[in-house]
file model04.cif (mmCIF, C-alpha atoms)
data_protein
#
loop_
_atom_site.group_PDB
_atom_site.id
_atom_site.type_symbol
_atom_site.label_atom_id
_atom_site.label_comp_id
_atom_site.auth_asym_id
_atom_site.auth_seq_id
_atom_site.Cartn_x
_atom_site.Cartn_y
_atom_site.Cartn_z
ATOM 1 C CA MET A 20 -2.537 172.481 -71.484
ATOM 2 C CA LYS A 21 -2.790 169.910 -74.235
ATOM 3 C CA VAL A 22 0.459 168.668 -75.750
ATOM 4 C CA SER A 23 0.406 167.031 -79.155
ATOM 5 C CA VAL A 24 2.807 164.093 -79.231
ATOM 6 C CA VAL A 25 1.862 161.764 -82.129
ATOM 7 C CA GLU A 26 4.521 159.272 -81.220
ATOM 8 C CA ASN A 27 4.771 155.561 -81.831
ATOM 9 C CA ILE A 28 4.437 153.990 -78.377
ATOM 10 C CA LEU A 29 7.141 151.503 -79.235
ATOM 11 C CA LYS A 30 9.560 154.072 -80.651
ATOM 12 C CA VAL A 31 12.363 153.115 -78.265
ATOM 13 C CA ASN A 32 12.104 149.452 -79.206
ATOM 14 C CA ASP A 33 11.867 150.301 -82.909
ATOM 15 C CA SER A 34 14.916 152.541 -82.690
ATOM 16 C CA ILE A 35 17.017 149.762 -81.110
ATOM 17 C CA ALA A 36 15.635 147.348 -83.724
ATOM 18 C CA GLU A 37 16.910 149.687 -86.453
ATOM 19 C CA GLN A 38 20.350 149.711 -84.845
ATOM 20 C CA ASN A 39 20.290 145.909 -84.681
ATOM 21 C CA LYS A 40 19.295 145.760 -88.337
ATOM 22 C CA LYS A 41 22.187 148.026 -89.355
ATOM 23 C CA PHE A 42 24.581 145.863 -87.345
ATOM 24 C CA PHE A 43 23.296 142.666 -88.978
ATOM 25 C CA LYS A 44 23.664 144.248 -92.412
ATOM 26 C CA SER A 45 27.241 145.262 -91.635
ATOM 27 C CA LYS A 46 27.998 141.613 -90.895
ATOM 28 C CA GLY A 47 26.345 140.412 -94.102
ATOM 29 C CA LEU A 48 23.766 138.360 -92.193
ATOM 30 C CA LEU A 49 20.284 137.277 -93.114
ATOM 31 C CA THR A 50 18.346 137.506 -89.839
ATOM 32 C CA ILE A 51 15.055 135.681 -89.403
ATOM 33 C CA ASN A 52 12.653 135.830 -86.438
ATOM 34 C CA ILE A 53 10.698 132.597 -85.983
ATOM 35 C CA MET A 54 7.421 132.930 -84.079
ATOM 36 C CA SER A 55 4.696 130.482 -83.141
ATOM 37 C CA GLY A 56 2.556 129.226 -80.291
ATOM 38 C CA PRO A 57 4.268 126.917 -77.772
ATOM 39 C CA GLY A 58 4.989 123.440 -79.155
ATOM 40 C CA ALA A 59 4.455 124.192 -82.865
ATOM 41 C CA GLY A 60 7.992 123.013 -83.628
ATOM 42 C CA LYS A 61 10.253 126.093 -83.772
ATOM 43 C CA THR A 62 13.225 124.413 -82.144
ATOM 44 C CA SER A 63 12.779 121.245 -84.226
ATOM 45 C CA LEU A 64 12.666 123.360 -87.385
ATOM 46 C CA ILE A 65 15.890 125.127 -86.411
ATOM 47 C CA GLU A 66 17.618 121.836 -85.492
ATOM 48 C CA LYS A 67 16.681 120.343 -88.888
ATOM 49 C CA THR A 68 17.703 123.495 -90.740
ATOM 50 C CA ILE A 69 21.106 123.487 -89.045
ATOM 51 C CA ARG A 70 21.731 119.777 -89.620
ATOM 52 C CA ASP A 71 20.708 119.966 -93.292
ATOM 53 C CA MET A 72 22.417 123.241 -94.198
ATOM 54 C CA LYS A 73 25.517 123.531 -92.001
ATOM 55 C CA GLU A 74 27.891 122.057 -94.588
ATOM 56 C CA ASP A 75 27.778 125.264 -96.558
ATOM 57 C CA ILE A 76 25.787 127.763 -94.467
ATOM 58 C CA ASN A 77 27.148 129.074 -91.155
ATOM 59 C CA ILE A 78 24.218 129.491 -88.756
ATOM 60 C CA ALA A 79 24.004 131.177 -85.343
ATOM 61 C CA VAL A 80 20.931 131.149 -83.113
ATOM 62 C CA ILE A 81 19.456 133.411 -80.444
ATOM 63 C CA GLU A 82 17.022 131.414 -78.301
ATOM 64 C CA GLY A 83 14.216 133.110 -76.380
ATOM 65 C CA ASP A 84 12.355 131.402 -73.536
ATOM 66 C CA ILE A 85 10.845 132.511 -70.250
ATOM 67 C CA GLU A 86 12.885 129.872 -68.401
ATOM 68 C CA THR A 87 15.455 127.084 -68.998
ATOM 69 C CA THR A 88 18.208 126.512 -71.509
ATOM 70 C CA TYR A 89 16.598 123.375 -72.965
ATOM 71 C CA ASP A 90 16.273 124.858 -76.445
ATOM 72 C CA ALA A 91 19.794 126.312 -76.509
ATOM 73 C CA ASP A 92 21.131 122.904 -75.454
ATOM 74 C CA ARG A 93 19.364 121.274 -78.397
ATOM 75 C CA ILE A 94 20.723 123.858 -80.823
ATOM 76 C CA ALA A 95 24.269 123.440 -79.514
ATOM 77 C CA ALA A 96 23.929 119.674 -79.965
ATOM 78 C CA ALA A 97 22.835 120.268 -83.567
ATOM 79 C CA GLY A 98 26.136 122.053 -84.140
ATOM 80 C CA ALA A 99 25.447 125.798 -84.192
ATOM 81 C CA GLN A 100 26.568 128.742 -82.108
ATOM 82 C CA VAL A 101 23.769 129.695 -79.733
ATOM 83 C CA VAL A 102 22.945 132.130 -76.943
ATOM 84 C CA GLN A 103 19.914 131.672 -74.669
ATOM 85 C CA ILE A 104 17.875 134.660 -73.508
ATOM 86 C CA ASN A 105 15.681 133.952 -70.474
ATOM 87 C CA THR A 106 13.074 136.696 -70.309
ATOM 88 C CA GLY A 107 12.031 135.847 -66.763
ATOM 89 C CA GLY A 108 8.360 136.536 -67.416
ATOM 90 C CA ALA A 109 8.256 138.669 -70.567
ATOM 91 C CA CYS A 110 6.181 136.812 -73.138
ATOM 92 C CA HIS A 111 8.127 138.077 -76.145
ATOM 93 C CA LEU A 112 11.638 139.095 -77.123
ATOM 94 C CA ASP A 113 12.314 142.778 -77.692
ATOM 95 C CA ALA A 114 15.029 144.652 -79.565
ATOM 96 C CA ASN A 115 16.957 145.503 -76.412
ATOM 97 C CA MET A 116 17.209 141.850 -75.350
ATOM 98 C CA ILE A 117 18.595 140.988 -78.798
ATOM 99 C CA SER A 118 21.048 143.881 -78.692
ATOM 100 C CA GLN A 119 22.356 142.802 -75.271
ATOM 101 C CA SER A 120 22.944 139.225 -76.444
ATOM 102 C CA LEU A 121 24.982 139.990 -79.554
ATOM 103 C CA ASP A 122 28.386 140.196 -77.869
ATOM 104 C CA GLN A 123 28.038 136.531 -76.918
ATOM 105 C CA LEU A 124 28.108 135.480 -80.578
ATOM 106 C CA GLU A 125 30.958 135.513 -83.057
ATOM 107 C CA LEU A 126 29.129 136.769 -86.139
ATOM 108 C CA ASP A 127 31.897 137.663 -88.603
ATOM 109 C CA SER A 128 31.679 134.373 -90.492
ATOM 110 C CA VAL A 129 27.949 133.733 -89.951
ATOM 111 C CA ASP A 130 25.583 133.714 -92.944
ATOM 112 C CA LEU A 131 22.242 133.171 -91.197
ATOM 113 C CA LEU A 132 21.131 134.386 -87.768
ATOM 114 C CA ILE A 133 18.004 132.651 -86.525
ATOM 115 C CA ILE A 134 16.055 134.149 -83.635
ATOM 116 C CA GLU A 135 13.632 131.767 -81.936
ATOM 117 C CA ASN A 136 11.046 133.922 -80.201
ATOM 118 C CA VAL A 137 9.097 133.004 -77.080
ATOM 119 C CA GLY A 138 6.218 130.625 -77.837
ATOM 120 C CA ASN A 139 3.240 132.979 -78.132
ATOM 121 C CA LEU A 140 0.942 133.797 -81.060
ATOM 122 C CA VAL A 141 0.180 137.336 -79.862
ATOM 123 C CA CYS A 142 2.867 139.596 -78.432
ATOM 124 C CA PRO A 143 5.982 138.730 -80.508
ATOM 125 C CA ALA A 144 4.218 140.099 -83.592
ATOM 126 C CA GLY A 145 4.250 143.593 -82.103
ATOM 127 C CA PHE A 146 7.951 143.918 -81.296
ATOM 128 C CA LYS A 147 10.488 144.484 -84.056
ATOM 129 C CA LEU A 148 13.891 142.984 -83.337
ATOM 130 C CA GLY A 149 15.875 144.143 -86.375
ATOM 131 C CA GLU A 150 15.059 141.052 -88.436
ATOM 132 C CA ASP A 151 15.016 140.822 -92.252
ATOM 133 C CA CYS A 152 12.151 138.324 -92.242
ATOM 134 C CA ASN A 153 9.448 137.212 -89.839
ATOM 135 C CA ILE A 154 8.529 133.557 -90.065
ATOM 136 C CA THR A 155 5.314 132.220 -88.533
ATOM 137 C CA LEU A 156 5.110 128.531 -87.758
ATOM 138 C CA LEU A 157 1.713 126.902 -87.284
ATOM 139 C CA SER A 158 1.277 123.182 -86.692
ATOM 140 C CA VAL A 159 -1.734 121.309 -88.090
ATOM 141 C CA THR A 160 -2.686 120.205 -84.557
ATOM 142 C CA GLU A 161 -3.384 123.786 -83.446
ATOM 143 C CA GLY A 162 -6.582 124.247 -85.422
ATOM 144 C CA ASP A 163 -7.270 125.610 -88.890
ATOM 145 C CA ASP A 164 -8.904 128.801 -87.579
ATOM 146 C CA LYS A 165 -5.738 130.255 -86.084
ATOM 147 C CA PRO A 166 -4.923 132.812 -88.843
ATOM 148 C CA PHE A 167 -8.196 134.629 -88.105
ATOM 149 C CA LYS A 168 -7.762 134.436 -84.351
ATOM 150 C CA TYR A 169 -4.223 135.845 -84.482
ATOM 151 C CA PRO A 170 -4.164 138.023 -87.610
ATOM 152 C CA MET A 171 -1.314 140.326 -86.600
ATOM 153 C CA MET A 172 1.268 137.548 -86.568
ATOM 154 C CA PHE A 173 0.303 136.367 -90.067
ATOM 155 C CA ASN A 174 0.119 139.927 -91.331
ATOM 156 C CA VAL A 175 3.666 140.895 -90.301
ATOM 157 C CA SER A 176 5.330 137.709 -91.580
ATOM 158 C CA GLN A 177 6.988 137.032 -94.930
ATOM 159 C CA SER A 178 6.667 133.262 -94.674
ATOM 160 C CA LEU A 179 4.343 130.723 -93.041
ATOM 161 C CA LEU A 180 5.436 127.175 -92.377
ATOM 162 C CA ILE A 181 2.613 124.726 -91.701
ATOM 163 C CA ASN A 182 4.270 121.980 -89.654
ATOM 164 C CA LYS A 183 3.473 118.409 -88.600
ATOM 165 C CA ILE A 184 1.794 117.532 -91.927
ATOM 166 C CA ASP A 185 2.699 113.905 -91.191
ATOM 167 C CA LEU A 186 -0.178 113.980 -88.657
ATOM 168 C CA LEU A 187 -2.858 115.063 -91.165
ATOM 169 C CA PRO A 188 -4.333 111.542 -91.576
ATOM 170 C CA TYR A 189 -5.077 111.423 -87.825
ATOM 171 C CA ILE A 190 -6.719 114.787 -87.177
ATOM 172 C CA ASP A 191 -9.482 117.050 -88.461
ATOM 173 C CA CYS A 192 -7.540 119.880 -90.012
ATOM 174 C CA ASN A 193 -8.437 121.608 -93.235
ATOM 175 C CA ILE A 194 -5.036 122.748 -94.461
ATOM 176 C CA GLU A 195 -6.602 124.698 -97.355
ATOM 177 C CA LYS A 196 -8.543 126.717 -94.786
ATOM 178 C CA ILE A 197 -5.281 127.649 -93.056
ATOM 179 C CA LYS A 198 -3.718 128.690 -96.364
ATOM 180 C CA ASN A 199 -6.742 130.619 -97.638
ATOM 181 C CA GLY A 200 -7.131 132.398 -94.322
ATOM 182 C CA ALA A 201 -3.478 133.304 -94.037
ATOM 183 C CA LEU A 202 -3.415 134.645 -97.622
ATOM 184 C CA ARG A 203 -6.479 136.768 -96.898
ATOM 185 C CA ILE A 204 -4.639 138.422 -94.045
ATOM 186 C CA ASN A 205 -1.399 138.665 -96.010
ATOM 187 C CA PRO A 206 -1.540 138.032 -99.794
ATOM 188 C CA GLU A 207 2.294 138.199 -100.037
ATOM 189 C CA LEU A 208 2.839 135.335 -97.575
ATOM 190 C CA GLU A 209 4.990 132.461 -98.888
ATOM 191 C CA ILE A 210 3.590 129.236 -97.496
ATOM 192 C CA PHE A 211 5.424 125.936 -97.003
ATOM 193 C CA GLU A 212 3.849 122.686 -95.820
ATOM 194 C CA VAL A 213 6.450 120.746 -93.879
ATOM 195 C CA SER A 214 7.136 117.983 -91.421
ATOM 196 C CA CYS A 215 10.171 118.484 -89.226
ATOM 197 C CA LYS A 216 9.730 114.862 -88.172
ATOM 198 C CA THR A 217 9.901 113.270 -91.626
ATOM 199 C CA GLY A 218 11.705 116.069 -93.488
ATOM 200 C CA GLU A 219 8.891 116.382 -96.031
ATOM 201 C CA GLY A 220 8.667 119.831 -97.646
ATOM 202 C CA LEU A 221 11.773 121.256 -95.963
ATOM 203 C CA GLY A 222 13.665 121.462 -99.261
ATOM 204 C CA ASN A 223 11.391 124.295 -100.388
ATOM 205 C CA TRP A 224 12.036 126.117 -97.117
ATOM 206 C CA TYR A 225 15.810 125.767 -97.555
ATOM 207 C CA ASN A 226 15.581 127.045 -101.150
ATOM 208 C CA TRP A 227 13.646 130.073 -99.947
ATOM 209 C CA LEU A 228 16.287 130.770 -97.300
ATOM 210 C CA ARG A 229 19.111 130.435 -99.811
ATOM 211 C CA LYS A 230 17.372 132.829 -102.162
ATOM 212 C CA LYS A 231 16.929 135.358 -99.336
ATOM 213 C CA MET A 232 20.608 135.051 -98.425
ATOM 214 C CA THR A 233 21.728 136.035 -101.889
ATOM 215 C CA LEU A 234 19.601 139.198 -101.964
ATOM 216 C CA MET B 5 -0.568 142.304 -76.606
ATOM 217 C CA HIS B 6 1.710 143.024 -73.702
ATOM 218 C CA GLU B 7 -0.017 145.844 -71.851
ATOM 219 C CA ILE B 8 2.658 146.383 -69.174
ATOM 220 C CA SER B 9 5.408 146.911 -71.797
ATOM 221 C CA LEU B 10 3.178 149.428 -73.540
ATOM 222 C CA VAL B 11 2.412 151.237 -70.307
ATOM 223 C CA GLU B 12 6.113 151.561 -69.465
ATOM 224 C CA SER B 13 6.767 153.074 -72.879
ATOM 225 C CA ILE B 14 3.806 155.464 -72.591
ATOM 226 C CA ILE B 15 4.947 156.691 -69.177
ATOM 227 C CA ASN B 16 8.522 157.211 -70.379
ATOM 228 C CA ILE B 17 7.438 159.151 -73.473
ATOM 229 C CA VAL B 18 5.198 161.472 -71.432
ATOM 230 C CA LEU B 19 7.844 161.973 -68.710
ATOM 231 C CA ASP B 20 10.285 162.993 -71.463
ATOM 232 C CA GLU B 21 7.877 165.536 -72.940
ATOM 233 C CA MET B 22 6.529 167.133 -69.745
ATOM 234 C CA PRO B 23 9.522 169.334 -68.830
ATOM 235 C CA LYS B 24 9.495 170.931 -72.307
ATOM 236 C CA TYR B 25 6.098 172.457 -71.477
ATOM 237 C CA ASN B 26 6.593 172.946 -67.721
ATOM 238 C CA ILE B 27 3.920 170.374 -66.998
ATOM 239 C CA THR B 28 4.196 168.823 -63.545
ATOM 240 C CA LYS B 29 0.925 166.881 -63.355
ATOM 241 C CA VAL B 30 -0.752 164.861 -66.120
ATOM 242 C CA ILE B 31 -4.548 164.856 -66.324
ATOM 243 C CA ASN B 32 -5.149 162.584 -69.311
ATOM 244 C CA ILE B 33 -3.360 160.779 -72.135
ATOM 245 C CA THR B 34 -4.979 159.994 -75.499
ATOM 246 C CA LEU B 35 -3.852 156.887 -77.376
ATOM 247 C CA LYS B 36 -4.672 155.626 -80.854
ATOM 248 C CA ILE B 37 -4.674 151.839 -80.949
ATOM 249 C CA GLY B 38 -5.464 149.708 -83.982
ATOM 250 C CA GLU B 39 -7.897 146.817 -83.649
ATOM 251 C CA MET B 40 -5.372 144.301 -85.012
ATOM 252 C CA ARG B 41 -3.025 144.949 -82.094
ATOM 253 C CA GLN B 42 -5.495 143.143 -79.790
ATOM 254 C CA VAL B 43 -4.749 145.483 -76.888
ATOM 255 C CA VAL B 44 -7.330 145.269 -74.108
ATOM 256 C CA PRO B 45 -8.042 148.884 -72.955
ATOM 257 C CA ASP B 46 -9.093 147.831 -69.449
ATOM 258 C CA ALA B 47 -5.895 145.834 -69.001
ATOM 259 C CA LEU B 48 -3.950 148.843 -70.244
ATOM 260 C CA ARG B 49 -5.717 151.115 -67.721
ATOM 261 C CA PHE B 50 -5.122 148.636 -64.918
ATOM 262 C CA GLY B 51 -1.442 148.376 -65.801
ATOM 263 C CA PHE B 52 -1.194 152.155 -65.994
ATOM 264 C CA GLU B 53 -2.788 152.527 -62.563
ATOM 265 C CA ILE B 54 -0.072 150.357 -61.096
ATOM 266 C CA MET B 55 2.929 151.613 -63.049
ATOM 267 C CA SER B 56 2.103 155.321 -62.692
ATOM 268 C CA GLN B 57 1.933 155.254 -58.877
ATOM 269 C CA ASN B 58 4.252 157.827 -57.287
ATOM 270 C CA THR B 59 4.863 159.503 -60.659
ATOM 271 C CA PRO B 60 3.439 162.788 -61.997
ATOM 272 C CA LEU B 61 1.157 160.623 -64.161
ATOM 273 C CA GLU B 62 -0.645 159.044 -61.205
ATOM 274 C CA GLY B 63 -4.399 159.448 -61.528
ATOM 275 C CA ALA B 64 -4.300 160.436 -65.206
ATOM 276 C CA GLU B 65 -7.165 159.219 -67.360
ATOM 277 C CA ILE B 66 -6.246 156.945 -70.280
ATOM 278 C CA ILE B 67 -8.383 157.728 -73.341
ATOM 279 C CA VAL B 68 -8.240 155.092 -76.073
ATOM 280 C CA GLU B 69 -9.276 155.864 -79.641
ATOM 281 C CA ASN B 70 -9.843 152.505 -81.271
ATOM 282 C CA VAL B 71 -8.889 152.356 -84.962
ATOM 283 C CA PRO B 72 -10.883 149.698 -86.809
ATOM 284 C CA THR B 73 -9.204 147.404 -89.309
ATOM 285 C CA LYS B 74 -9.743 148.835 -92.779
ATOM 286 C CA GLY B 75 -8.855 147.557 -96.208
ATOM 287 C CA ARG B 76 -8.265 149.099 -99.614
ATOM 288 C CA CYS B 77 -9.254 147.134 -102.681
ATOM 289 C CA LYS B 78 -6.196 147.046 -104.956
ATOM 290 C CA ASN B 79 -8.521 146.529 -107.919
ATOM 291 C CA CYS B 80 -10.960 149.455 -107.578
ATOM 292 C CA ASP B 81 -9.446 151.539 -104.729
ATOM 293 C CA HIS B 82 -12.568 151.197 -102.576
ATOM 294 C CA LEU B 83 -11.968 151.615 -98.814
ATOM 295 C CA PHE B 84 -14.015 149.522 -96.409
ATOM 296 C CA PRO B 85 -13.977 148.133 -92.851
ATOM 297 C CA ILE B 86 -12.841 144.541 -92.499
ATOM 298 C CA GLU B 87 -15.325 142.748 -90.302
ATOM 299 C CA ASP B 88 -14.742 139.256 -91.613
ATOM 300 C CA TRP B 89 -11.438 138.256 -93.175
ATOM 301 C CA PHE B 90 -13.348 136.416 -95.879
ATOM 302 C CA ASP B 91 -15.116 139.591 -97.052
ATOM 303 C CA ASN B 92 -14.354 140.457 -100.657
ATOM 304 C CA CYS B 93 -14.416 144.059 -101.790
ATOM 305 C CA PRO B 94 -18.091 145.075 -101.342
ATOM 306 C CA LYS B 95 -17.870 147.193 -104.501
ATOM 307 C CA CYS B 96 -16.197 144.974 -107.115
ATOM 308 C CA GLU B 97 -16.164 141.602 -105.301
ATOM 309 C CA LYS B 98 -12.435 141.053 -105.879
ATOM 310 C CA MET B 99 -10.284 139.643 -103.046
ATOM 311 C CA ASP B 100 -7.088 141.641 -103.550
ATOM 312 C CA ILE B 101 -7.064 143.708 -100.371
ATOM 313 C CA GLU B 102 -4.396 145.823 -98.682
ATOM 314 C CA ILE B 103 -4.746 146.507 -94.940
ATOM 315 C CA ILE B 104 -4.484 150.284 -94.490
ATOM 316 C CA SER B 105 -5.417 150.771 -90.851
ATOM 317 C CA GLY B 106 -5.739 148.736 -87.686
ATOM 318 C CA LYS B 107 -2.093 148.401 -86.678
ATOM 319 C CA GLU B 108 -1.614 151.790 -85.042
ATOM 320 C CA MET B 109 -0.133 152.143 -81.572
ATOM 321 C CA GLU B 110 0.440 155.817 -80.851
ATOM 322 C CA ILE B 111 0.294 158.443 -78.150
ATOM 323 C CA ILE B 112 -1.640 161.293 -79.749
ATOM 324 C CA ASN B 113 -1.559 163.861 -76.985
ATOM 325 C CA PHE B 114 -1.623 164.414 -73.262
ATOM 326 C CA GLU B 115 -3.139 167.115 -71.087
ATOM 327 C CA GLY B 116 -1.581 168.499 -67.952
ATOM 328 C CA CYS B 117 -0.800 171.532 -65.860
#

call {"tool": "encode", "arguments": {"input": "model04.cif", "output": "structure tokens"}}
result
Amino acid sequence: MKVSVVENILKVNDSIAEQNKKFFKSKGLLTINIMSGPGAGKTSLIEKTIRDMKEDINIAVIEGDIETTYDADRIAAAGAQVVQINTGGACHLDANMISQSLDQLELDSVDLLIIENVGNLVCPAGFKLGEDCNITLLSVTEGDDKPFKYPMMFNVSQSLLINKIDLLPYIDCNIEKIKNGALRINPELEIFEVSCKTGEGLGNWYNWLRKKMTL
Amino acid sequence: MHEISLVESIINIVLDEMPKYNITKVINITLKIGEMRQVVPDALRFGFEIMSQNTPLEGAEIIVENVPTKGRCKNCDHLFPIEDWFDNCPKCEKMDIEIISGKEMEIINFEGC
């Protein structure tokens, strides 16, 4: 007997993600999911964002890593509420992990919830968490062909931050190639060229966040 | 893409559906997977072989229908496969393209007795 199913394989995850999204909305949060390969600068970006915005924006962070609390420790030192998820082998966060972590955060007075996903340019793109926006971070040292090699991540994101632009004089990276490629895969992508080290370009990123928070 | 997570979900969906049709043994499962998902069918089958052991799905064949990445030209409505991300619309040469397929990840049906 043949049974027609026509079901999204990830329906359970997507259903929990929807619940998360409703919860975030009820708290008046903007929730962003930051994804990148390992070492592109996600934690540095979040540290800088917290330090530069915390005077008027209340930020909480959910950190995702396979092991260690190194990133959560850095975020706490930057002055934001943080909870660390250790996936113990899973190469991406999923909606259930997010849901289980929420009772460890006091979210009533939070404006911006930042989720730092596990460093991986593949799997995180496939798992909704309940976020309002997906942010992809790509550093100039990773190669200017990465949008084509990992199209799904660029396709599901609302914003792309190209990081470590302070290193451009020392490496062969065609930043226009990154931008053209990413826009081919996702014409709506908002692209920011930044350096978390020097602070260059971050103002535009903060303005974009502020605009999203008022919507 | 994380094949083990997918396999767990597939097994759970089929286990949920089986009792509704009095199916006790699954023979095959047909999936529709978009090219952009970068799922490796052999890795999926290998994961399924392991995860389905000692379940009514053990031994079932996994059939994968691959859905190629396709675009729609927002200028002239032409539909075409995307082989190279730098391809413009082959009909009008514009580069305003919407991705309309290639992200699917579905169980279509399963067969059992």

call {"tool": "resolve_selection", "arguments": {"input": "model04.cif", "expression": "the PyMOL selection byres ((chain A and resi 131) around 9)", "output": "list of chain:residue names"}}
result
A:Gly47, A:Leu48, A:Leu49, A:Thr50, A:Ile51, A:Ile76, A:Asn77, A:Ile78, A:Ala79, A:Val80, A:Val129, A:Asp130, A:Leu132, A:Ile133, A:Leu228, A:Met232

call {"tool": "write_last_selection", "arguments": {"input": "model04.cif", "atoms": "C-alpha atoms", "output": "compact mmCIF listing (two decimals), in the coordinates of the input"}}
result
# COMPACT_ATOMS: atom_id res chain seq x y z
CA GLY A 47 26.34 140.41 -94.10
CA LEU A 48 23.77 138.36 -92.19
CA LEU A 49 20.28 137.28 -93.11
CA THR A 50 18.35 137.51 -89.84
CA ILE A 51 15.06 135.68 -89.40
CA ILE A 76 25.79 127.76 -94.47
CA ASN A 77 27.15 129.07 -91.16
CA ILE A 78 24.22 129.49 -88.76
CA ALA A 79 24.00 131.18 -85.34
CA VAL A 80 20.93 131.15 -83.11
CA VAL A 129 27.95 133.73 -89.95
CA ASP A 130 25.58 133.71 -92.94
CA LEU A 132 21.13 134.39 -87.77
CA ILE A 133 18.00 132.65 -86.52
CA LEU A 228 16.29 130.77 -97.30
CA MET A 232 20.61 135.05 -98.42

call {"tool": "closest_atom_pairs", "arguments": {"input": "model04.cif", "of": "chain A", "to": "chain B", "cutoff": "7 Å", "atoms": "all atoms listed in the file", "output": "CSV"}}
result
residue,atom,partner,partner_atom,distance
A:Met20,CA,B:Gly116,CA,5.4
A:Lys21,CA,B:Glu115,CA,4.2
A:Val22,CA,B:Phe114,CA,5.3
A:Ser23,CA,B:Asn113,CA,4.3
A:Val24,CA,B:Asn113,CA,4.9
A:Val25,CA,B:Ile112,CA,4.3
A:Glu26,CA,B:Ile111,CA,5.3
A:Asn27,CA,B:Glu110,CA,4.4
A:Ile28,CA,B:Glu110,CA,5.0
A:Leu29,CA,B:Ser13,CA,6.6
A:Val141,CA,B:Met5,CA,6.0
A:Cys142,CA,B:Met5,CA,4.7
A:Pro170,CA,B:Met40,CA,6.9
A:Met171,CA,B:Met40,CA,5.9
A:Arg203,CA,B:Trp89,CA,6.4
A:Ile204,CA,B:Trp89,CA,6.9

call {"tool": "residues_around", "arguments": {"input": "model04.cif", "residues": "Pro206 (chain A)", "least_positions_apart": "4", "cutoff": "12 Å", "atoms": "only C-alpha atoms", "output": "list in words"}}
result
Phe173, Asn174, Val175, Ser176, Gln177, Ser178, Leu179, Lys198, Asn199, Gly200, Ala201, Leu202 and Ile210 of chain A; Lys78, Trp89, Met99, Asp100, Ile101, Glu102 and Ile103 of chain B

call {"tool": "atom_distance", "arguments": {"input": "model04.cif", "atom1": "CA of Leu157 (chain A)", "atom2": "CA of Thr88 (chain A)"}}
result
22.8 Å

call {"tool": "residues_around", "arguments": {"input": "model04.cif", "residues": "Pro94 (chain B)", "least_positions_apart": "6", "cutoff": "10 Å", "atoms": "only C-alpha atoms", "output": "ChimeraX atom specification"}}
result
/B:77,82-85
